[in-house]
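Participant: This is the structure I want to talk about, given as structure tokens.
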Amino acid sequence: MGTENLAEKAQILIRSRLCSPNFIFKPLSDSPDSNYSKLKFIISSSIMEACNNSILLLGPRGSGKVAVLELVLSDLLEEYPDTITVIRLNGLLHSEDNSALKEIARQLCMEHHLLFSKMASFDDNSQFMIAMLRECGLAHKTVIFALDEFDLFAQGKQRLLYSLLDAMQTVTSQAVVVGVSCRLDADQLLEKRVRSRFSHRKLLFLPPSKEDVQRLLEHILSLPMDSSLACDYAAEFNEKLQSILADKRFKEIISNYLNSNSTTNHLLRFLFIAISNMDLKSGFLSLENFKAALSSIQRQPKQECIKDCSILELYILVCMKRLEVREQNSYNFSSVMKEYKSVHDSFPTSDYYAQNVCLRAFEHLLQRELICFADNRGHTQSIEFRQVKLVVSYAELQEGLKSYRSCPAILLKLIDR
């Protein structure tokens, strides 16, 4: 089989892995301290001991909360196929109490082969849910409620949460509520009557550690030796991959990317782009693939605009950044000109322009939206006296200066001071 065909098969295999949450999070679930193990223990103990429970999964978007929950639920459905019913709700779709209870009733009817009534009122659906929880409890069946975007259910009167948690207070019911939210204060949004019925268990999903990232990279990118791919090709592919993973330049690329996008989801996106850049003729991954992926993801429109600025405009941007570094958050064109003059006095150069020329450059930066007015007040004031602020970050400005072909060396020194 040709190298290109083997490389294409390897590319398809790794892409399919990147799109499979079960494959990605399985190696992270081996540790007893992992969120997978903790969540599975809480839910399985509730099933075995026939008790009610509630728990919140909290963390930034893309940290794997829903993926880990689905992995736990799929494993539990295999272990207890006849004793679990899973009800899934999403706050983006079902935050309104009436629609949420109607959806719960619909899923319960579908699960237990009952006739669902679309015309049922809120009270009818509420009574039906309570009755079903009682019947499931008597039959030693556990109902698991997975509430994604949990914080959206905590808006308004919270009748759904109250009805659900209040029904779980009875001896006969047997249910588990798992809330998923990117808000760390989600439990504080609950009303007192709802909070008093909540178990207040929380699992925090943090960005992966360096060791976890290393394990993920090896787990996702390494080719299996017992697949349809040739053993010689797979062995050589894995050998080259190990040399890339051990390269200091690669570690710097991963570190730079994770500094700005630290969640697992962002890492998977980065790897998908790198795999898509793989040269099918050579058949192997290279360091250049990851460099290209980093540059394509980290493209910043503001950084591109800096490349088209004049030297004078760069001086104005650097002067504004120096004012901000000195914690002078309130400044105008006149303040910037004072800083510009002090820079010229300290480092005399030929790049010194009259104030009216600087004002035109200042107005051009406003048009390019690299700087903006600090507030909407002072419309009657002249531009020179209105408060302004930088729109570009320090990192964008620094990278923009470095990539600027004829950038004066003094500006690079000033931005680092």
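Residue numbering restarts at 1 in every chain; chains get A, B, ... in the order shown in the structure tokens, and ligands count up from 1 in that same order.
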Name the residues of segment 156-305 of chain A that fall into strand (DSSP E or B) according to DSSP on the backbone, using the chain letters and numbers of this document, as a ChimeraX atom specification.
Facilitator: /A:175-181,201-204
Participant: Leaving out segment 63-78 of chain A and any residue of its chain fewer than 3 positions from it, which residues lie within 10 Å of it when counting only C-alpha atoms, given as JSON, numbers by chain?
Facilitator: {"A": [20, 21, 22, 23, 24, 25, 26, 28, 29, 35, 36, 37, 38, 39, 40, 41, 43, 44, 47, 56, 57, 58, 59, 60, 81, 82, 83, 84, 85, 86, 144, 146, 147, 148, 178, 179, 180, 181, 182, 203, 204, 205, 206, 207, 208, 262, 263, 264, 265, 266]}
Participant: Rank nothing, just name the residue among A:Leu317, A:Leu101, A:Ile42, A:Ala235 nearest to Leu414 of chain A, using only C-alpha atoms.
Facilitator: A:Leu317
Participant: In Å, rounded to a single decimal, give me how far atom CA of Glu4 of chain A is from atom CA of Leu271 of chain A.
Facilitator: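 According to the coordinates, atom CA of Leu271 of chain A and atom CA of Glu4 of chain A are separated by 20.2 Å.
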Participant: Give me the residues within 8 Å of Leu359 of chain A as a ChimeraX atom specification, counting only C-alpha atoms and dropping any in the same chain fewer than 4 places off.
Facilitator: /A:333,355,363,384
Participant: May I have the residues from that selection written out with N, CA, C and O atoms, as an mmCIF file, in the first residue's frame?
Facilitator:
data_model
loop_
_atom_site.group_PDB
_atom_site.id
_atom_site.type_symbol
_atom_site.label_atom_id
_atom_site.label_comp_id
_atom_site.auth_asym_id
_atom_site.auth_seq_id
_atom_site.Cartn_x
_atom_site.Cartn_y
_atom_site.Cartn_z
ATOM 1 N N PHE A 333 -5.226 62.821 24.252
ATOM 2 C CA PHE A 333 -4.191 63.081 23.253
ATOM 3 C C PHE A 333 -3.059 63.930 23.823
ATOM 4 O O PHE A 333 -1.879 63.685 23.549
ATOM 5 N N GLN A 355 2.889 68.463 16.255
ATOM 6 C CA GLN A 355 1.663 68.037 16.948
ATOM 7 C C GLN A 355 0.484 67.872 15.992
ATOM 8 O O GLN A 355 -0.323 66.956 16.165
ATOM 9 N N GLU A 363 -6.126 60.456 14.899
ATOM 10 C CA GLU A 363 -7.471 60.297 14.322
ATOM 11 C C GLU A 363 -7.536 59.049 13.447
ATOM 12 O O GLU A 363 -8.562 58.355 13.410
ATOM 13 N N GLU A 384 -8.655 66.277 21.111
ATOM 14 C CA GLU A 384 -7.423 66.311 21.913
ATOM 15 C C GLU A 384 -7.688 66.114 23.401
ATOM 16 O O GLU A 384 -6.819 65.636 24.133
#
Participant: Rounded to one decimal in Å, what is the spacing between atom CA of Phe373 of chain A and atom CA of Ala354 of chain A?
Facilitator: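 These atoms are spaced 22.7 Å apart.
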Participant: Could you list, as a VMD selection string, every residue within 9 Å of Asn53 of chain A, counting only C-alpha atoms and ignoring same-chain residues fewer than 2 positions away?
Facilitator: chain A and resid 42 to 43 46 51 55 168 174 to 178 198 to 199 201
Participant: Write out as a PyMOL selection string each polymer residue whose atoms come within 9 Å of segment 217-225 of chain A, counting only C-alpha atoms; drop sequence neighbours fewer than 5 positions from it.
Facilitator: chain A and resi 10+13-14+17-18+23-24+27+212+230-232+234-235+237-238+241-242+245+271+275
Participant: Nearest to Pro348 of chain A among A:Met129, A:Ala186, A:Leu397, A:Ile410, with distances taken over only C-alpha atoms: which residue is it?
Facilitator: A:Ile410
Participant: Skip Glu96 of chain A itself and residues of its chain fewer than 4 positions away, then list as a PDB file with N, CA and C atoms, in the first residue's frame all residues within 10 Å of it, counting only C-alpha atoms.
Facilitator:
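Output file around-v7.pdb is given in full below:
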ATOM      1  N   GLY A  91     -30.862  24.119  29.543  1.00  0.00           N
ATOM      2  CA  GLY A  91     -31.391  25.416  29.938  1.00  0.00           C
ATOM      3  C   GLY A  91     -31.647  26.355  28.781  1.00  0.00           C
ATOM      4  N   LEU A  92     -30.917  26.168  27.685  1.00  0.00           N
ATOM      5  CA  LEU A  92     -31.133  27.007  26.510  1.00  0.00           C
ATOM      6  C   LEU A  92     -32.477  26.721  25.851  1.00  0.00           C
ATOM      7  N   ALA A 100     -40.162  22.872  30.453  1.00  0.00           N
ATOM      8  CA  ALA A 100     -39.260  21.894  31.066  1.00  0.00           C
ATOM      9  C   ALA A 100     -40.041  20.702  31.626  1.00  0.00           C
ATOM     10  N   LEU A 101     -41.123  20.993  32.336  1.00  0.00           N
ATOM     11  CA  LEU A 101     -41.926  19.888  32.888  1.00  0.00           C
ATOM     12  C   LEU A 101     -42.605  19.079  31.790  1.00  0.00           C
ATOM     13  N   LEU A 152     -29.346  28.590  34.006  1.00  0.00           N
ATOM     14  CA  LEU A 152     -30.524  29.158  33.343  1.00  0.00           C
ATOM     15  C   LEU A 152     -31.823  28.660  33.975  1.00  0.00           C
ATOM     16  N   PHE A 153     -31.780  27.475  34.605  1.00  0.00           N
ATOM     17  CA  PHE A 153     -32.961  26.971  35.316  1.00  0.00           C
ATOM     18  C   PHE A 153     -33.168  27.729  36.632  1.00  0.00           C
ATOM     19  N   GLN A 155     -33.178  30.870  37.008  1.00  0.00           N
ATOM     20  CA  GLN A 155     -33.771  32.183  36.772  1.00  0.00           C
ATOM     21  C   GLN A 155     -35.271  32.124  37.051  1.00  0.00           C
ATOM     22  N   GLY A 156     -35.875  33.270  37.271  1.00  0.00           N
ATOM     23  CA  GLY A 156     -37.330  33.308  37.479  1.00  0.00           C
ATOM     24  C   GLY A 156     -37.733  32.732  38.833  1.00  0.00           C
ATOM     25  N   LYS A 157     -38.890  32.069  38.846  1.00  0.00           N
ATOM     26  CA  LYS A 157     -39.452  31.562  40.102  1.00  0.00           C
ATOM     27  C   LYS A 157     -38.885  30.202  40.508  1.00  0.00           C
ATOM     28  N   GLN A 158     -38.152  29.550  39.630  1.00  0.00           N
ATOM     29  CA  GLN A 158     -37.497  28.261  39.915  1.00  0.00           C
ATOM     30  C   GLN A 158     -38.502  27.178  40.331  1.00  0.00           C
ATOM     31  N   ARG A 159     -39.692  27.208  39.721  1.00  0.00           N
ATOM     32  CA  ARG A 159     -40.724  26.230  40.085  1.00  0.00           C
ATOM     33  C   ARG A 159     -40.329  24.818  39.705  1.00  0.00           C
ATOM     34  N   LEU A 160     -39.620  24.685  38.574  1.00  0.00           N
ATOM     35  CA  LEU A 160     -39.192  23.348  38.151  1.00  0.00           C
ATOM     36  C   LEU A 160     -38.246  22.737  39.176  1.00  0.00           C
TER      37      LEU A 160
END
Participant: Which parts of segment 64-253 of chain A does DSSP call helix (DSSP H, G or I) when run on the backbone here, written out as a count of residues only?
Facilitator: 106
Participant: Do you have the atom CA of Thr380 of chain A-atom CA of Glu327 of chain A distance handy?
Facilitator: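 Taking atom CA of Thr380 of chain A and atom CA of Glu327 of chain A, their separation equals 27.0 Å.
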Participant: For Tyr257 of chain A, list every protein, DNA or RNA residue within 7 Å, evaluated using only C-alpha atoms, and leave out those in the same chain fewer than 4 positions away; present the list as a list of chain:residue names.
Facilitator: A:Ile253, A:Asn261, A:Leu294
Participant: Produce a file of the selected residues containing all heavy atoms, as an mmCIF file, in the first residue's frame.
Facilitator:
data_model
loop_
_atom_site.group_PDB
_atom_site.id
_atom_site.type_symbol
_atom_site.label_atom_id
_atom_site.label_comp_id
_atom_site.auth_asym_id
_atom_site.auth_seq_id
_atom_site.Cartn_x
_atom_site.Cartn_y
_atom_site.Cartn_z
ATOM 1 N N ILE A 253 5.343 25.509 21.831
ATOM 2 C CA ILE A 253 4.120 25.752 21.044
ATOM 3 C C ILE A 253 2.880 25.407 21.867
ATOM 4 O O ILE A 253 1.924 26.188 21.951
ATOM 5 C CB ILE A 253 4.149 24.923 19.736
ATOM 6 C CG1 ILE A 253 5.218 25.466 18.782
ATOM 7 C CG2 ILE A 253 2.783 24.944 19.052
ATOM 8 C CD1 ILE A 253 5.459 24.591 17.568
ATOM 9 N N ASN A 261 -5.642 29.454 25.728
ATOM 10 C CA ASN A 261 -6.807 28.555 25.581
ATOM 11 C C ASN A 261 -6.501 27.254 26.315
ATOM 12 O O ASN A 261 -5.943 26.331 25.734
ATOM 13 C CB ASN A 261 -7.089 28.261 24.102
ATOM 14 C CG ASN A 261 -7.275 29.527 23.294
ATOM 15 O OD1 ASN A 261 -8.262 30.215 23.414
ATOM 16 N ND2 ASN A 261 -6.286 29.849 22.470
ATOM 17 N N LEU A 294 -0.899 26.659 15.109
ATOM 18 C CA LEU A 294 -0.848 27.735 16.101
ATOM 19 C C LEU A 294 -1.040 29.100 15.448
ATOM 20 O O LEU A 294 -1.812 29.931 15.936
ATOM 21 C CB LEU A 294 0.488 27.691 16.849
ATOM 22 C CG LEU A 294 0.665 28.722 17.966
ATOM 23 C CD1 LEU A 294 -0.322 28.456 19.089
ATOM 24 C CD2 LEU A 294 2.083 28.722 18.500
#
Participant: Please determine, counting only C-alpha atoms, which residue among A:Ala293, A:Cys19, A:Leu6, A:Leu370 has the shortest atom-to-atom distance to Lys307 of chain A.
Facilitator: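 The answer is A:Leu370, which sits nearest to Lys307 of chain A.
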Participant: Here is a test: counting only C-alpha atoms, which residue of A:Phe347, A:Phe250, A:Phe284, A:Phe145 is nearest to Leu161 of chain A?
Facilitator: A:Phe145
